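S.K.: Encoded as structure tokens, here's the structure I'll be asking about.
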Amino acid sequence: MKVPLHWLRDYVPLSIGASALIDRLTISGLEVAAARFFGLPIPDGLRVKQEDRGPAWDPKLIVVAEVVGVEKHPNADKLKLVQLDYGAGTPKQVVTGAPNIAIGDKGQKVVLGMSGCTYFDGHATPKAIKELKPSNLRGVPSDAMVMSTFELGIDEEHEGIIILEGDAPVGKPLVDFMGDVVIEIDVLPNMARCLSMIGVAREVAALTGQQAVVPVPEPVYGIDAVEGKVQVEIADPKLCPRYSAMLIRDVTIQPSPGWMQRRLAYSGMRPISNIVDITNYVMLEYGQPLHAFDYDILVKRAGGKSPTITVRPAKSGEKMKTLDGVERELSPGNLLIADSVGPIALAGVMGGAETEVSTTTKNVLLESASFDFVSIRRTSKQFNLFSEASTRFSRGIHTEVVKPAALRAAQLMQQHAGGTVLRGMVDNYPNPIPVQTTLLKKSEIKRLLGIDFPDADVERILKSLDFKVEKAGADGWNVTTPPYRTDIQAGAADLIEELARIYGYDRLPSKLLSGELPPWKTNRALQLEERVRDILASSDLHEVMTYSLTSKEREAALGLPAGEYVEVLNEISADRKVMRQSVLASVLEVAKQNLLTAATIRLFEIGFVYLPKPGQRLPDEPRRLSIVLTGRRDPAAWDDPQGVKPATLDFFDLKGIIETLVADLHLPSPTYRPAPSVPFLHPGRSAELLVGGDVCGCFGEMHPKTVQAFELGERAVLVADLDLEKLLAKTPERFPYSPVPRFPAALRDVALIVEETIPNERIVAEMRAAGGELLNDARLFDVYRGDPIPAGSKSLAYALSYQAVDRTLTDKEIDKAHKKIEDRLRHVIKARIRGKDEA
């Protein structure tokens with residue numbers, strides 16, 4: 001809601017400056033999102049967006065002037081010499097190329113800017129403020145200019161100069177004539193009454209201790225009455241609680257007064273004509289949208305009889321061309337304004353093209369109505385038509401605003417369109433809203449606000465907001481809600497919120513909680529869970545979060561045995577009817593979507609599964625960790641655009657991630673073994689993780705059938721399904737660490753031939769058993785199968801690192817330890833040392 005402060009002063013005196021007003025409004029719940037100063041200097045300390053900054057109109061240099069003559073420029077066909085009277089006695093000559101002023105014109109009121117004034121340069125990109133300096137334009141000296149709205153910073157239009165209304169006073173500083181401050185308020189849904197100038201004025205009055213004055217509209221009626229000239233019918237009062245119509249005859253369509261055009265323009269609306277501008281003006285003033293129909297067209301559609309206006313839902317297949325020229329097909333969910341022929345307007349959204357006010361309109365039927373906000377919101381969204389009117393209707397408007405808004409518009413049409421207002425109003429109001437009175441107790445105020453609120457402040461604040469307040473004994477008041485407020489519900493809470501808001505949230509005293517704070521305790525389970533996330537993220541995995549709701553069919557694709565599920569009674573969709581028992585299935589669904597646009601994915605999720613417990617209402621909810629990998633190990637590079645060098649991710653990439661997780665959690669005695677038959681894993685390419693002898697999950701390459709079931713394409717997919725509860729339960733609170741070695745390590749390699757069935761894990765264990773404390777590390781760096789290695793055997797090469805904590809090892813010590821390892825490998829696992837035991 002854009003609020004010009006000069007307009008606001010019509011209803012309430014502004015006793016504080018713009019900066020203070022902005023602060024008070026914001027802290028009371030009306031957040032000021034922007035402020036724009038038209039011609040006025042920006043106060044010190046007030047932050048204004050760069051795009052909202054404009055030139056200040058110097059009162060001595062930018063004034064109202066009158067054209068006294070226009071002549072052709074002697075040296076340029078497109079330029080003109082304009083003589084201007086600006087109240088100084090001697091006319092000022094300026095050179096202009098403005099297209100909206102012609103040779104021979106006189107009497108127009110324009111804006112004169114003289115040397116030294118600042119303005120927006122229309123030739124600079126981006127636009128910039130420039131100082132006007134004397135110049136010579138095609139041989140004619142010029143030290144002034146006639147100005148456009150663009151140059152003054154009002155809007156982006158600079159095709160012509162400003163033509164002011166005829167009664168603009170010559171010589172008056174422009175800043176005094178049309179300078180203004182416009183604040184833009186972000187109005188929350190519960191403050192919808194402030195989508196109006198009068199609503200904001202009431203708030204300002206309450207905040208500043210003033211009294212808002214709302215003029216009572218009193219149009220002068222003609223001799224004829226509206227009775228019999230139009231009828232109004234409402235099909236469903238729930239969709240249209242009130243519909244009122246007035247008739248104004250013999251209007252003259254012309255531009256609206258300059259002051260009204262400026263107020264509309266400053267408020268963000270484009271002036272059109274006096275009748276349309278008046279409906280928009282009253283909408284901004286009262287917050288009640290109005291619509292003007294061409295009454296003669298309605299009579300013609302009714303066959304020369306008085307028209308009957310019907311508010312009803314649309315019929316299937318009905319069509320109507322709206323004011324924007326678009327023919328729209330309607331549905332029963334759209335609320336219509338119709339006559340005996342068909343639709344004439346989309347209620348609360350947009351009028352119809354056939355019955356719009358045009359330059360030939362003589363008689364106007366003025367509509368003021370209240371509509372169901374849900375219906376208006378749906379229709380606006382359906383047709384993507386969001387206007388100032390639909391915004392207000394969709395927030396909810398009290399039915400009691402309908403009548404005064406109609407009277408105000410009729411009064412303005414009488415004053416500025418020369419119309420005759422017919423006596424009376426056709427007012428269909430089947431179910432008037434009863435007056436709401438609430439008992440407000442002092443004890444309740446103290447209970448909710450925590451302070452003793454002075455009686456005088458209670459009465460002052462509520463009365464300033466237009467509530468009627470009557471004493472109800474010594475402990476309270478009977479408070480009657482104003483007839484335009486829709487946000488005050490039964491009970492005292494809303495009234496107490498009004499007290500706190502106007503009194504000032506910043507003035508409410510702050511208190512510490514009574515009693516001692518409980519002792520701080522760590523949540524170790526959560527800390528460890530976050531630690532797992534950090535480890536996996538540092539391993540180049542991306543976390544996903546999925547729904548806990550799923551379907552049995554989705555998890556059945558994993559091939560796990562079907563069991564009982566926790567079922568949802570009011571499911572949000574057919575494919576989310578049960579609580580999941582597998583996090584892996586959820587991550588695979590995400591992987592499927594990601595693989596539509598990515599060739600490589602590395603995903604993980606930590607989440608709950610829900611396992612029913614016999615005889616109990618609530619399920620067990622253990623945490624599971626699932627990982628999904630597929631694609632290339634490394635991205636393509638300039639020297640390998642086809643990805644020949646980087647291999648695809650395989651079992652050992654996944655095992656490396658799990659080993660990193662195990663190591664960083666310092667899990668005791670981790671071991672791996674071939675996984676038994678797991679339905680979703682590939683036989684021979686899968687393993688189990690054991691910690692302390694307990695199985696904590698499985699991982700490996702996914703079975704091709706499962707890959708197809710999840711529609712993941714023809715690719716190898718690596719997955720892990722781990723029991724996070726077991727892993728975290730085995731994570732030690734404390735663990736030993738070793739200092740940074742002071743002495744260098746010595747490196748030795750060993751290559752051996754062993755049976756195919758012997759795993760790397762066992763070989764490393766035997767090496768560590770033989771090497772003792774001197775063996776610092778044993779790393780497998782090569783695996784070979786093929787000639788001359790016998791069938792059923794494999795060649796493994798290891799890099800061994802020897803190091804002591806208290807000295808530099810000698811060659812003799814290293815050779816002795818290395819020989820001990822080789823001997824143990826020969827004896828325990830029947831290994832042959834390559835280069836030593838081969839024939």
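Each chain of the structure tokens is named A, B, ... in the order shown, its residues numbered from 1; ligands are numbered from 1 in display order.
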Residues at most 10 Å from Gly171 (chain A), counting only C-alpha atoms, excluding those fewer than 6 positions away in the same chain, as a PyMOL selection string?
M.R.: chain A and resi 59-60+62-66+85-88+111-112
S.K.: Within 10 Å of Pro670 (chain A), counting only C-alpha atoms, which residues qualify if same-chain residues fewer than 5 places away don't, as a list in words?
M.R.: Glu659, Val662, Ala663, Leu689, Leu690, Val691, Gly692, Gly693, Asp694, Val695 and Cys696 of chain A
S.K.: Determine the nearest neighbour of Ala557 (chain A) from the options A:Val707, A:Leu439, A:Glu529, A:Ile502, counting only C-alpha atoms.
M.R.: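 Closest candidate: A:Val707.
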S.K.: Report as a PyMOL selection string: the residues of region 444-631 of chain A with a DSSP assignment of strand (DSSP E), based on the backbone of this structure.
M.R.: chain A and resi 468-471+476-480+542-543+549-550+578-579+601-608+623-630
S.K.: Nearest residue to Val181 (chain A) out of A:Ser267, A:Ser380, A:Thr481, A:Ser669, using only C-alpha atoms?
M.R.: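 Comparing A:Ser267, A:Ser380, A:Thr481, A:Ser669 against Val181 (chain A), the winner is A:Ser267.
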S.K.: So that I can check the secondary structure, give me every residue of region 318-511 of chain A assigned alpha helix (DSSP H) by backbone DSSP, as a VMD selection string.
M.R.: chain A and resid 373 to 383 388 to 395 402 to 417 442 to 449 455 to 464 493 to 503
S.K.: Which residues come within 8 Å of Ala720 (chain A), counting only C-alpha atoms, excluding same-chain residues fewer than 5 positions away, as a PyMOL selection string?
M.R.: chain A and resi 584+625-628+654+697-700
S.K.: List as a compact mmCIF listing (two decimals) with N, CA and C atoms, in the first residue's frame the protein and nucleic acid residues near Arg242 (chain A), meaning an atom at most 7 Å away when only C-alpha atoms are counted, but skip any in the same chain fewer than 2 places from it.
M.R.:
```
# COMPACT_ATOMS: atom_id res chain seq x y z
N CYS A 240 -21.75 -13.73 -1.73
CA CYS A 240 -21.91 -12.28 -1.85
C CYS A 240 -22.80 -11.81 -0.71
N SER A 244 -24.64 -3.45 -3.44
CA SER A 244 -25.35 -2.18 -3.51
C SER A 244 -25.08 -1.54 -4.87
N ALA A 369 -19.82 -3.73 -3.51
CA ALA A 369 -20.27 -5.04 -3.03
C ALA A 369 -19.22 -5.69 -2.15
N SER A 370 -19.64 -6.74 -1.49
CA SER A 370 -18.74 -7.56 -0.67
C SER A 370 -18.83 -8.99 -1.16
N THR A 399 -18.66 -5.87 5.36
CA THR A 399 -19.82 -5.46 4.57
C THR A 399 -20.28 -4.04 4.89
N ASN A 428 -28.93 -4.80 -1.48
CA ASN A 428 -29.32 -6.17 -1.14
C ASN A 428 -28.36 -6.67 -0.07
N TYR A 429 -28.84 -6.75 1.15
CA TYR A 429 -28.01 -7.10 2.32
C TYR A 429 -28.80 -8.10 3.17
```
